[in-house]
Amino acid sequence: MSKLPLRARLATGIGGAAGRVSRLTGRGDGSVIGGVLGLRVEPDLLRLLAADRQVILVTGTNGKTTTTRLITAGLGALGQQVASNAFGANMAAGLASALGRAPQATYAVLETDERYLPVVIEATSPRVVTLLNLSRDQMDRAAEIWLIARRWRDALADAPDTLVIANADDPLIVCAASSAKRVTWVAAGQRWHEDSWCCPECGSHLRRAGADWRCPECSFGRPRTPWALDGEAVIDPHGQRRELDLALPGRANRSNAVVALAVADVFGVTADQALPLLRQVTSVAGRYTVVPRGGCMVRLLLAKNPAGWLEAFDVLTPGDGPVLLAVNAQIPDGKDTSWLWDVDYRVLRNRPVYVSGERRLDLAVRLEADEVEFELTAGLDDVVDRIQTGDLDVIANYTAFQQIRTLVGRTE
Ligand SMILES: [Zn+2]
């Protein structure tokens with residue numbers, strides 16, 4: 001994709017959004033301010049569009065899009081319009097257009113890119129910031145996550161009116177939230193420990209015992225958690241337990257739902273009110289969607305990084321059904337595929353495994369090392385031709401997922 005059309009699209013989209021706000025606030029016909037702001041892009045436009053709204057920011061390496069969707073669903077109980085960047089355009093321009101499209105919305109639930117969180121906090125003065133987890137996204141970004149945690153901590157120290165809702169099971173998240181004036185901790189779980197063996201405060205090796213963790217050398221440790229995911233259920237601050245019973249599969253989504261319930265509670269929406277709304281969410285930006293293809297029912301799972309692949313393995317259709325793994329290495333995926341070596345594939349040994357994508361040979365080498373049998377394929381339709389009928393789970397990384405979604409037709 002060339003840079004010019006993208007820039008042009010940004011300027012037009014944002015200019016249009018600002019223009020509508022300008023008209024609504026009586027500051028002229030909108031075209032001038034729209035054009036000016038469209039060129040300046042951020043963060044002034046964001047500040048203007050966020051003013052006088054109750055803003056909720058959602059960030060973390062994994063689960064942002066789903067959690068944003070679940071919070072938006074839960075706040076539906078308020079009966080008011082909720083602005084949201086539902087399809088994951090999560091940098092300043094995407095947030096600005098989401099707000100611009102919903103000028104009347106009192107509430108705004110905004111998925112925010114990890115790197116942009118400080119500037120977005122500064123621009124939107126959020127009522128709530130939700131911190132889910134931090135792990136390496138691709139190999140070429142591994143060193144960044146400690147730096148990101150420090151930047152979040154600095155930004156939250158400067159936002160005393162913001163309530164932070166944070167995952168107490170991720171030590172880097174606890175470190176990042178530690179500067180906030182008010183934090184509601186959620187025991188949301190952490191499947192991926194590889195990026196949090198060390199104390200973020202002093203560098204010592206963390207001790208773990210069950211869900212608990214603490215640093216043996218300094219006072220850093222897991223805080224008390226009013227909200228918790230417990231198996232298939234949520235436990236609220238009063239100790240009441242409710243079955244989640246979501247349509248979305250897997251532990252990671254149950255964890256996202258508990259976070260969403262904690263956020264909804266801040267706005268007076270009880271778990272009893274929010275849960276039925278969360279249960280109605282069946283797919284998020286094409287993920288978990290089941291589509292017919294040939295004689296097969298194909299289920300699409302997105303996994304962008306090692307932690308995401310573990311979560312995807314968790315939600316495979318139980319049993320020994322076939323799975324297609326699709327891996328690309330375009331810029332949004334990370335050019336370097338060495339992260340494939342961070343994932344343990346042995347759980348796939350009892351299934352027919354098909355491999356596709358532009359970097360299928362990289363994945364093939366990795367699967368051989370884990371003694372997982374597989375077949376190389378030309379893509380989804382090739383696999384459908386081979387298996388003819390039944391369920392097929394597809395796990396794909398970012399651009400591979402988008403290619404498959406385009407192939408099967410966007411259903412959402
Ligand atoms: Zn320590």
# chains A, B, ... in the order shown; residues from 1 in each chain; ligands from 1
>>> residues_near_ligand(ligand="ligand 1", cutoff="10 Å", atoms="only C-alpha atoms and all ligand atoms", output="list in words")
Cys198, Cys199, Pro200, Glu201, Cys202, Gly203, Ser204, His205, Leu206, Arg214, Cys215, Pro216, Glu217, Cys218, Ser219, Phe220 and Gly221 of chain A
>>> write_last_selection(atoms="N, CA, C and O atoms", output="mmCIF file, in the first residue's frame")
data_model
loop_
_atom_site.group_PDB
_atom_site.id
_atom_site.type_symbol
_atom_site.label_atom_id
_atom_site.label_comp_id
_atom_site.auth_asym_id
_atom_site.auth_seq_id
_atom_site.Cartn_x
_atom_site.Cartn_y
_atom_site.Cartn_z
ATOM 1 N N CYS A 198 10.457 -11.662 35.489
ATOM 2 C CA CYS A 198 11.259 -10.764 36.337
ATOM 3 C C CYS A 198 10.410 -9.647 36.920
ATOM 4 O O CYS A 198 9.460 -9.184 36.308
ATOM 5 N N CYS A 199 10.809 -9.220 38.122
ATOM 6 C CA CYS A 199 10.148 -8.106 38.791
ATOM 7 C C CYS A 199 10.379 -6.827 37.987
ATOM 8 O O CYS A 199 11.523 -6.456 37.750
ATOM 9 N N PRO A 200 9.296 -6.151 37.562
ATOM 10 C CA PRO A 200 9.483 -4.919 36.794
ATOM 11 C C PRO A 200 10.103 -3.797 37.614
ATOM 12 O O PRO A 200 10.606 -2.832 37.054
ATOM 13 N N GLU A 201 10.058 -3.916 38.950
ATOM 14 C CA GLU A 201 10.617 -2.859 39.802
ATOM 15 C C GLU A 201 12.113 -3.042 40.010
ATOM 16 O O GLU A 201 12.874 -2.091 39.963
ATOM 17 N N CYS A 202 12.535 -4.279 40.299
ATOM 18 C CA CYS A 202 13.939 -4.464 40.677
ATOM 19 C C CYS A 202 14.671 -5.532 39.855
ATOM 20 O O CYS A 202 15.875 -5.696 39.995
ATOM 21 N N GLY A 203 13.964 -6.239 38.993
ATOM 22 C CA GLY A 203 14.631 -7.195 38.116
ATOM 23 C C GLY A 203 14.840 -8.579 38.706
ATOM 24 O O GLY A 203 15.331 -9.473 38.027
ATOM 25 N N SER A 204 14.467 -8.786 39.979
ATOM 26 C CA SER A 204 14.625 -10.119 40.576
ATOM 27 C C SER A 204 13.633 -11.107 39.956
ATOM 28 O O SER A 204 12.634 -10.716 39.370
ATOM 29 N N HIS A 205 13.916 -12.377 40.137
ATOM 30 C CA HIS A 205 13.040 -13.415 39.619
ATOM 31 C C HIS A 205 11.757 -13.459 40.445
ATOM 32 O O HIS A 205 11.802 -13.628 41.658
ATOM 33 N N LEU A 206 10.597 -13.345 39.803
ATOM 34 C CA LEU A 206 9.334 -13.390 40.538
ATOM 35 C C LEU A 206 9.070 -14.798 41.045
ATOM 36 O O LEU A 206 9.395 -15.776 40.373
ATOM 37 N N ARG A 214 4.819 -12.801 43.622
ATOM 38 C CA ARG A 214 5.434 -11.668 44.310
ATOM 39 C C ARG A 214 6.929 -11.681 44.089
ATOM 40 O O ARG A 214 7.517 -12.690 43.696
ATOM 41 N N CYS A 215 7.531 -10.533 44.357
ATOM 42 C CA CYS A 215 8.973 -10.401 44.241
ATOM 43 C C CYS A 215 9.592 -10.709 45.600
ATOM 44 O O CYS A 215 9.167 -10.154 46.611
ATOM 45 N N PRO A 216 10.582 -11.596 45.650
ATOM 46 C CA PRO A 216 11.203 -11.925 46.931
ATOM 47 C C PRO A 216 12.118 -10.812 47.455
ATOM 48 O O PRO A 216 12.470 -10.817 48.635
ATOM 49 N N GLU A 217 12.464 -9.869 46.604
ATOM 50 C CA GLU A 217 13.461 -8.865 46.994
ATOM 51 C C GLU A 217 12.865 -7.502 47.345
ATOM 52 O O GLU A 217 13.462 -6.744 48.099
ATOM 53 N N CYS A 218 11.726 -7.158 46.752
ATOM 54 C CA CYS A 218 11.132 -5.850 47.051
ATOM 55 C C CYS A 218 9.659 -6.068 47.381
ATOM 56 O O CYS A 218 9.192 -7.181 47.484
ATOM 57 N N SER A 219 8.906 -4.989 47.553
ATOM 58 C CA SER A 219 7.520 -5.137 48.020
ATOM 59 C C SER A 219 6.544 -5.405 46.881
ATOM 60 O O SER A 219 5.341 -5.515 47.103
ATOM 61 N N PHE A 220 7.049 -5.518 45.655
ATOM 62 C CA PHE A 220 6.165 -5.669 44.500
ATOM 63 C C PHE A 220 5.477 -7.028 44.506
ATOM 64 O O PHE A 220 6.124 -8.064 44.651
ATOM 65 N N GLY A 221 4.141 -7.027 44.363
ATOM 66 C CA GLY A 221 3.421 -8.290 44.355
ATOM 67 C C GLY A 221 2.016 -8.116 43.824
ATOM 68 O O GLY A 221 1.599 -7.013 43.458
#
>>> residues_around(residues="range 51-53 of chain A", least_positions_apart="3", cutoff="8 Å", atoms="only C-alpha atoms", output="ChimeraX atom specification")
/A:47-48,105-108,124
>>> write_last_selection(atoms="all heavy atoms", output="compact mmCIF listing (two decimals), in the first residue's frame")
# COMPACT_ATOMS: atom_id res chain seq x y z
N ARG A 47 -8.88 15.77 21.09
CA ARG A 47 -9.27 16.52 22.29
C ARG A 47 -10.63 17.16 22.07
O ARG A 47 -11.53 17.08 22.91
CB ARG A 47 -8.20 17.58 22.58
CG ARG A 47 -8.31 18.21 23.96
CD ARG A 47 -7.31 19.34 24.13
NE ARG A 47 -5.99 19.04 23.60
CZ ARG A 47 -5.05 18.34 24.23
NH1 ARG A 47 -5.28 17.89 25.44
NH2 ARG A 47 -3.88 18.12 23.67
N LEU A 48 -10.80 17.77 20.93
CA LEU A 48 -12.06 18.45 20.61
C LEU A 48 -13.22 17.45 20.59
O LEU A 48 -14.29 17.68 21.15
CB LEU A 48 -11.93 19.13 19.25
CG LEU A 48 -13.19 19.77 18.67
CD1 LEU A 48 -13.65 20.94 19.52
CD2 LEU A 48 -12.94 20.21 17.23
N ALA A 105 -23.02 10.84 20.97
CA ALA A 105 -22.80 9.81 21.99
C ALA A 105 -22.17 10.40 23.25
O ALA A 105 -21.16 11.09 23.18
CB ALA A 105 -21.92 8.71 21.42
N THR A 106 -22.79 10.11 24.38
CA THR A 106 -22.24 10.56 25.66
C THR A 106 -21.06 9.69 26.06
O THR A 106 -20.14 10.16 26.71
CB THR A 106 -23.32 10.41 26.76
OG1 THR A 106 -24.55 10.89 26.24
CG2 THR A 106 -22.93 11.18 28.00
N TYR A 107 -21.13 8.43 25.69
CA TYR A 107 -20.11 7.46 26.08
C TYR A 107 -19.26 7.07 24.87
O TYR A 107 -19.77 6.99 23.75
CB TYR A 107 -20.75 6.19 26.66
CG TYR A 107 -21.55 6.47 27.90
CD1 TYR A 107 -22.90 6.80 27.83
CD2 TYR A 107 -20.94 6.43 29.16
CE1 TYR A 107 -23.63 7.08 28.98
CE2 TYR A 107 -21.67 6.72 30.31
CZ TYR A 107 -23.00 7.04 30.21
OH TYR A 107 -23.71 7.33 31.33
N ALA A 108 -17.99 6.84 25.14
CA ALA A 108 -17.11 6.40 24.06
C ALA A 108 -16.19 5.31 24.59
O ALA A 108 -15.48 5.50 25.58
CB ALA A 108 -16.29 7.56 23.53
N THR A 124 -7.83 12.84 25.74
CA THR A 124 -9.25 12.53 25.96
C THR A 124 -9.67 12.61 27.43
O THR A 124 -10.85 12.48 27.72
CB THR A 124 -9.59 11.11 25.46
OG1 THR A 124 -8.84 10.15 26.21
CG2 THR A 124 -9.27 10.95 23.98
>>> residues_around(residues="Leu172 in chain A", least_positions_apart="5", cutoff="9 Å", atoms="only C-alpha atoms", output="ChimeraX atom specification")
/A:133-135,145-146,149,177,195-196,199-200
>>> select_by_dssp(residues="range 134-269 of chain A", states="alpha helix (DSSP H)", output="PyMOL selection string")
chain A and resi 144-157+171-177+251-266
>>> write_last_selection(atoms="N, CA and C atoms", output="compact mmCIF listing (two decimals), in the first residue's frame")
# COMPACT_ATOMS: atom_id res chain seq x y z
N GLU A 144 10.42 -3.80 23.55
CA GLU A 144 9.66 -2.57 23.79
C GLU A 144 8.70 -2.64 24.96
N ILE A 145 8.31 -3.83 25.38
CA ILE A 145 7.15 -3.87 26.27
C ILE A 145 7.43 -3.30 27.66
N TRP A 146 8.66 -3.44 28.12
CA TRP A 146 8.98 -2.82 29.42
C TRP A 146 8.95 -1.30 29.31
N LEU A 147 9.43 -0.82 28.17
CA LEU A 147 9.40 0.62 27.94
C LEU A 147 7.95 1.12 27.87
N ILE A 148 7.09 0.36 27.21
CA ILE A 148 5.68 0.74 27.11
C ILE A 148 5.06 0.81 28.51
N ALA A 149 5.35 -0.18 29.35
CA ALA A 149 4.81 -0.18 30.72
C ALA A 149 5.24 1.08 31.47
N ARG A 150 6.48 1.48 31.29
CA ARG A 150 6.96 2.70 31.97
C ARG A 150 6.24 3.94 31.46
N ARG A 151 6.01 3.98 30.16
CA ARG A 151 5.31 5.15 29.58
C ARG A 151 3.86 5.22 30.08
N TRP A 152 3.23 4.06 30.18
CA TRP A 152 1.87 4.04 30.72
C TRP A 152 1.88 4.57 32.15
N ARG A 153 2.85 4.11 32.93
CA ARG A 153 2.92 4.53 34.34
C ARG A 153 3.06 6.05 34.43
N ASP A 154 3.92 6.62 33.61
CA ASP A 154 4.09 8.08 33.62
C ASP A 154 2.81 8.79 33.23
N ALA A 155 2.14 8.27 32.19
CA ALA A 155 0.92 8.92 31.71
C ALA A 155 -0.18 8.85 32.77
N LEU A 156 -0.29 7.71 33.48
CA LEU A 156 -1.35 7.56 34.48
C LEU A 156 -1.06 8.40 35.72
N ALA A 157 0.20 8.64 36.01
CA ALA A 157 0.56 9.52 37.14
C ALA A 157 0.05 10.93 36.89
N PRO A 171 2.20 -9.07 35.85
CA PRO A 171 3.07 -8.19 36.64
C PRO A 171 3.43 -6.88 35.93
N LEU A 172 3.59 -6.92 34.62
CA LEU A 172 3.91 -5.67 33.91
C LEU A 172 2.74 -4.69 33.95
N ILE A 173 1.53 -5.23 33.91
CA ILE A 173 0.34 -4.38 34.01
C ILE A 173 0.25 -3.77 35.41
N VAL A 174 0.55 -4.56 36.43
CA VAL A 174 0.51 -4.05 37.80
C VAL A 174 1.53 -2.93 37.96
N CYS A 175 2.69 -3.13 37.38
CA CYS A 175 3.72 -2.09 37.42
C CYS A 175 3.23 -0.82 36.73
N ALA A 176 2.64 -0.98 35.56
CA ALA A 176 2.17 0.18 34.79
C ALA A 176 1.08 0.94 35.53
N ALA A 177 0.20 0.20 36.24
CA ALA A 177 -0.94 0.83 36.92
C ALA A 177 -0.55 1.40 38.28
N ARG A 251 -10.96 -19.24 27.42
CA ARG A 251 -10.63 -18.56 28.66
C ARG A 251 -10.32 -17.08 28.44
N ALA A 252 -9.61 -16.76 27.36
CA ALA A 252 -9.23 -15.37 27.12
C ALA A 252 -10.47 -14.49 27.01
N ASN A 253 -11.50 -14.99 26.38
CA ASN A 253 -12.72 -14.18 26.25
C ASN A 253 -13.50 -14.09 27.56
N ARG A 254 -13.43 -15.15 28.37
CA ARG A 254 -14.06 -15.05 29.70
C ARG A 254 -13.35 -13.96 30.51
N SER A 255 -12.05 -13.94 30.38
CA SER A 255 -11.28 -12.92 31.07
C SER A 255 -11.64 -11.52 30.57
N ASN A 256 -11.78 -11.36 29.27
CA ASN A 256 -12.20 -10.07 28.72
C ASN A 256 -13.58 -9.67 29.25
N ALA A 257 -14.45 -10.65 29.41
CA ALA A 257 -15.81 -10.37 29.88
C ALA A 257 -15.80 -9.89 31.33
N VAL A 258 -14.94 -10.47 32.16
CA VAL A 258 -14.87 -10.04 33.56
C VAL A 258 -14.40 -8.59 33.63
N VAL A 259 -13.42 -8.27 32.81
CA VAL A 259 -12.96 -6.87 32.74
C VAL A 259 -14.11 -5.96 32.31
N ALA A 260 -14.87 -6.39 31.31
CA ALA A 260 -15.99 -5.59 30.82
C ALA A 260 -17.04 -5.38 31.91
N LEU A 261 -17.28 -6.40 32.71
CA LEU A 261 -18.25 -6.26 33.81
C LEU A 261 -17.76 -5.25 34.84
N ALA A 262 -16.46 -5.27 35.12
CA ALA A 262 -15.89 -4.31 36.07
C ALA A 262 -16.02 -2.88 35.55
N VAL A 263 -15.85 -2.71 34.24
CA VAL A 263 -16.00 -1.37 33.65
C VAL A 263 -17.46 -0.94 33.69
N ALA A 264 -18.35 -1.82 33.31
CA ALA A 264 -19.78 -1.49 33.29
C ALA A 264 -20.25 -1.05 34.68
N ASP A 265 -19.73 -1.72 35.70
CA ASP A 265 -20.09 -1.43 37.09
C ASP A 265 -19.76 0.03 37.46
N VAL A 266 -18.68 0.55 36.90
CA VAL A 266 -18.30 1.95 37.18
C VAL A 266 -19.41 2.90 36.75
>>> residues_around(residues="Asp137 in chain A", least_positions_apart="2", cutoff="12 Å", atoms="only C-alpha atoms", output="PyMOL selection string")
chain A and resi 60-62+113-115+133-135+139-145+195+303-309+332-340+342+397-398
>>> atom_distance(atom1="CA of Pro103 in chain A", atom2="CA of Thr270 in chain A")
26.5 Å
